[in-house]
Amino acid sequence: MSGSIIAAVGYAEEWYIQILKSLVLFGLAVQIVPIVLLAERKLLGRFQHRYGPNRVGPFGAAQPLADIIKLATKEPFRPSTSVGFLYAAAPVISLLTALAAFAILPFGDVVTIFGEEVGLYGLDVEIGVLYVFAFGAIAFYGLMLGGWASGSKYSFLGAMRAAAQLISYEVAMGLSLVGVIMMAGTLSLTGIVEAQASMWYAVPQIVGFLIFVIAGFAETNRAPFDLPEADAELVAGYNTEYGGSKFAAYFFAEYVNILVVSGIAVTMFLGGWQLPFVDPPAWVDPFVVLGKIFLFVFLFVWIRATLPRLRYDQLMSFGWKVLLPLATLNALVTAIVVVAV
Amino acid sequence: MLIVQRAPAPGAAGGTYRAFGETLRGLKTTMARLFEGPKTISYPEEKVPVYPRFRGRHRLHRFEDTGLEKCVGCSLCAAACPADCIRVVAAENTPENRVSAGERYAAVYEINLARCIFCGYCEVACPFDAITMGHDYEMSAYNRTDLIFTKEMLLDEPLERTPLRNEGE
């Protein structure tokens, strides 16, 4: 427990390894997002009897690259009613918080690489889950400021919806994790993974798991909870007035958020880098985590292909009247069981 | 006595339970679509075969044995055409210049495909089966004037680019 002003951390390496790790993690996020993007469009196509993008490169593999080039070379544009500084800052906030949350996903335990002890995660903070929620809370500002600073009614409507939705579902999401935290007895994500050596928490905490996944869909603004960017009714919600690389930043942040929610679900409920019955060598661990994350990405796409968007009042009543009581009950029952046994 | 069947009330625990079940059913349905594979026909590479009676671009015909044109320049097709897209200028056949089997032949035969509605009335009106609807449907052009097909273009064998559906397929 090296004492630090910002937060107590578990195992921390030398400063130069920290910098190196942050670069690797950033690179990882930047590399995974196009894969997820392509996988989503391809899968969504297959779900609808289509091929999905298959014109750019072999099997459409270069499609994300083409998208990025297209977005990056667009003319920077700003509506005359927008508030300049905030309009530019909002996507950056979204991107920053998404990547910051990505940094604490544990991809493996501490391993020795070239004689250096390196933890396969950005930072093993003691407050673990709270860190994710803290950055999730700051991420609201990205959406809110973007929607408000655009100076457009559709953007503003989308931003208001986003704020209301994210706040409602964050409560249920946080409560759904309380059970896991009580069972593991720690907030540290690596500690929670290690506590799942004998059994994944998805089994005893099945209710919490389901609530977390549902709330996760709402947190990442994904179908069927994609009201903030409902294309049919709000044009595109908070990012209506955004184009070019600013839009790309929002888009990128959204997909990193999907990875973060998937990663947290894998860490908290599906045993992180642990596999049942087999104990692979340490270098396999990151691939195990990535594989599980991609299972979640598949689930995200599957749900998107299946469910229609909820009405706004349905969304709110589902969050407050179903998810929240269930999550509270789950936390309560877990507390009683943990204390009694 | 009238018994009114009501749908179950939405909301509450029962509604949530039913919604959950229906969600799973929906997921099963979409997953089945995934395994069926794409139904897309990648158009420029693959083409849907047309039926034998498909009304595509017109063709003019010659007699196979003599090589003379079947069209005698009677302009019945032009008269039948509701879109008024056929232009026929007839000329007399002479012993030195015999083009068709009849007394006269079409010196000019133009179809403006930009106006044609592919109704097939010209085919019906023709007393000699000189004009028929072919199978070609790829007729886009960069210029409107390129869509005016002349007699030579209509008489030529079309490029083999439309697959034909066989009987019973």
# chains A, B, ... in the order shown; residues from 1 in each chain; ligands from 1
$ closest_atom_pairs --of "chain A" --to "chain B" --cutoff "8 Å" --atoms "only C-alpha atoms" --output "JSON lines"
{"residue": "A:Leu43", "atom": "CA", "partner": "B:Leu34", "partner_atom": "CA", "distance": 7.9}
{"residue": "A:Gly45", "atom": "CA", "partner": "B:Pro38", "partner_atom": "CA", "distance": 7.9}
{"residue": "A:Arg46", "atom": "CA", "partner": "B:Leu34", "partner_atom": "CA", "distance": 5.2}
{"residue": "A:Phe47", "atom": "CA", "partner": "B:Leu34", "partner_atom": "CA", "distance": 4.6}
{"residue": "A:Gln48", "atom": "CA", "partner": "B:Arg33", "partner_atom": "CA", "distance": 6.7}
{"residue": "A:His49", "atom": "CA", "partner": "B:Pro38", "partner_atom": "CA", "distance": 4.0}
{"residue": "A:Arg50", "atom": "CA", "partner": "B:Pro38", "partner_atom": "CA", "distance": 4.7}
{"residue": "A:Tyr51", "atom": "CA", "partner": "B:Pro38", "partner_atom": "CA", "distance": 5.8}
{"residue": "A:Trp302", "atom": "CA", "partner": "B:Leu27", "partner_atom": "CA", "distance": 7.1}
{"residue": "A:Ile303", "atom": "CA", "partner": "B:Leu27", "partner_atom": "CA", "distance": 7.0}
{"residue": "A:Ala305", "atom": "CA", "partner": "B:Thr30", "partner_atom": "CA", "distance": 7.0}
{"residue": "A:Thr306", "atom": "CA", "partner": "B:Leu27", "partner_atom": "CA", "distance": 5.9}
{"residue": "A:Leu307", "atom": "CA", "partner": "B:Thr23", "partner_atom": "CA", "distance": 7.4}
{"residue": "A:Val322", "atom": "CA", "partner": "B:Thr16", "partner_atom": "CA", "distance": 7.9}
$ residues_around --residues "Ala130 in chain B" --least-positions-apart "4" --cutoff "6 Å" --atoms "only C-alpha atoms" --output "PyMOL selection string"
chain B and resi 60-61+70-71
$ atom_distance --atom1 "CA of Gly119 in chain A" --atom2 "CA of Gly291 in chain A"
19.1 Å
$ select_by_dssp --residues "range 47-155 of chain B" --states "helix (DSSP H, G or I)" --output "short mmCIF file (atom, residue, chain, number, x, y, z; two decimals) with C-alpha atoms, in the first residue's frame"
data_model
loop_
_atom_site.label_atom_id
_atom_site.label_comp_id
_atom_site.auth_asym_id
_atom_site.auth_seq_id
_atom_site.Cartn_x
_atom_site.Cartn_y
_atom_site.Cartn_z
CA LEU B 76 -47.77 0.27 -85.89
CA CYS B 77 -45.40 0.06 -82.94
CA ALA B 78 -45.02 3.82 -82.90
CA ALA B 79 -48.80 4.17 -83.02
CA ALA B 80 -49.28 1.72 -80.16
CA TYR B 121 -47.36 -2.80 -76.54
CA CYS B 122 -44.95 -2.40 -79.48
CA GLU B 123 -44.27 -6.12 -79.34
CA VAL B 124 -48.00 -6.85 -79.36
CA ALA B 125 -48.69 -4.39 -82.18
CA THR B 145 -28.92 11.21 -75.94
CA ASP B 146 -27.06 7.97 -75.28
CA LEU B 147 -30.40 6.42 -74.40
CA LYS B 151 -31.78 0.53 -85.55
CA GLU B 152 -28.25 -0.86 -85.69
CA MET B 153 -28.01 -0.98 -81.90
CA LEU B 154 -31.37 -2.72 -81.64
CA LEU B 155 -30.48 -5.24 -84.36
#
$ residues_around --residues "Ala106 in chain B" --least-positions-apart "6" --cutoff "10 Å" --atoms "only C-alpha atoms" --output "list in words"
Glu69, Lys70, Cys71, Val72, Gly73, Cys74, Ser75, Arg87, Val88, Val89, Ala90, Ala91, Glu92, Asn93, Val99, Ser100 and Lys151 of chain B
$ closest_atom_pairs --of "range 5-76 of chain B" --to "range 161-166 of chain B" --cutoff "6 Å" --atoms "only C-alpha atoms" --output "Markdown table"
| residue | atom | partner | partner_atom | distance |
| --- | --- | --- | --- | --- |
| B:Pro49 | CA | B:Pro163 | CA | 4.6 |
| B:Val50 | CA | B:Leu164 | CA | 5.0 |
| B:Tyr51 | CA | B:Arg165 | CA | 5.1 |
$ closest_residue --among "A:Lys292, A:Leu123, A:Gly108, A:Val118" --to "Pro280 in chain A" --atoms "only C-alpha atoms"
A:Gly108
$ residues_around --residues "Val171 in chain A" --least-positions-apart "2" --cutoff "12 Å" --atoms "only C-alpha atoms" --output "MDAnalysis selection string"
chainID A and resid 133 136:137 164:169 173:178 211:212 215:216 218:219 319:320 323:328
$ write_last_selection --atoms "C-alpha atoms" --output "CSV table (one decimal), in the first residue's frame"
chain,number,residue,atom,x,y,z
A,133,PHE,CA,-18.1,5.4,-11.4
A,136,GLY,CA,-18.6,7.7,-15.5
A,137,ALA,CA,-20.0,10.6,-13.6
A,164,ALA,CA,-31.6,11.8,-16.8
A,165,GLN,CA,-31.0,8.3,-18.1
A,166,LEU,CA,-27.4,8.1,-17.0
A,167,ILE,CA,-28.1,9.3,-13.5
A,168,SER,CA,-31.1,6.9,-13.1
A,169,TYR,CA,-29.2,3.9,-14.2
A,173,MET,CA,-25.6,-0.2,-11.6
A,174,GLY,CA,-23.7,0.8,-8.5
A,175,LEU,CA,-26.1,-1.1,-6.2
A,176,SER,CA,-25.8,-4.2,-8.4
A,177,LEU,CA,-22.1,-4.3,-7.7
A,178,VAL,CA,-22.4,-3.9,-4.0
A,211,ILE,CA,-29.0,-5.8,-13.4
A,212,PHE,CA,-25.4,-4.7,-14.2
A,215,ALA,CA,-27.8,-0.9,-16.6
A,216,GLY,CA,-24.7,-1.2,-18.6
A,218,ALA,CA,-28.3,2.2,-20.5
A,219,GLU,CA,-25.0,3.6,-19.4
A,319,GLY,CA,-35.0,2.0,-14.1
A,320,TRP,CA,-36.6,3.3,-10.9
A,323,LEU,CA,-34.0,-2.3,-11.5
A,324,LEU,CA,-33.4,-0.2,-8.4
A,325,PRO,CA,-35.6,-2.2,-6.0
A,326,LEU,CA,-34.2,-5.5,-7.4
A,327,ALA,CA,-30.6,-4.2,-7.0
A,328,THR,CA,-31.4,-3.0,-3.4
$ atom_distance --atom1 "CA of Gly67 in chain B" --atom2 "CA of Gly134 in chain B"
19.4 Å
$ atom_distance --atom1 "CA of Gly60 in chain A" --atom2 "CA of Arg41 in chain A"
10.2 Å
$ select_by_dssp --residues "range 34-138 of chain B" --states "strand (DSSP E)" --output "PyMOL selection string"
chain B and resi 58-60+86-92+104-112+131-133
$ residues_around --residues "range 74-81 of chain A" --least-positions-apart "6" --cutoff "9 Å" --atoms "only C-alpha atoms" --output "PyMOL selection string"
chain A and resi 87+149-152+241-246
$ closest_residue --among "A:Ile258, A:Gly122, A:Met183, A:Leu143" --to "Ile336 in chain A" --atoms "only C-alpha atoms"
A:Met183
$ closest_residue --among "A:Arg309, A:Val297, A:Ala159, A:Val333" --to "Ala39 in chain A" --atoms "only C-alpha atoms"
A:Val297
$ residues_around --residues "range 247-249 of chain A" --least-positions-apart "5" --cutoff "12 Å" --atoms "only C-alpha atoms" --output "count of residues only"
41
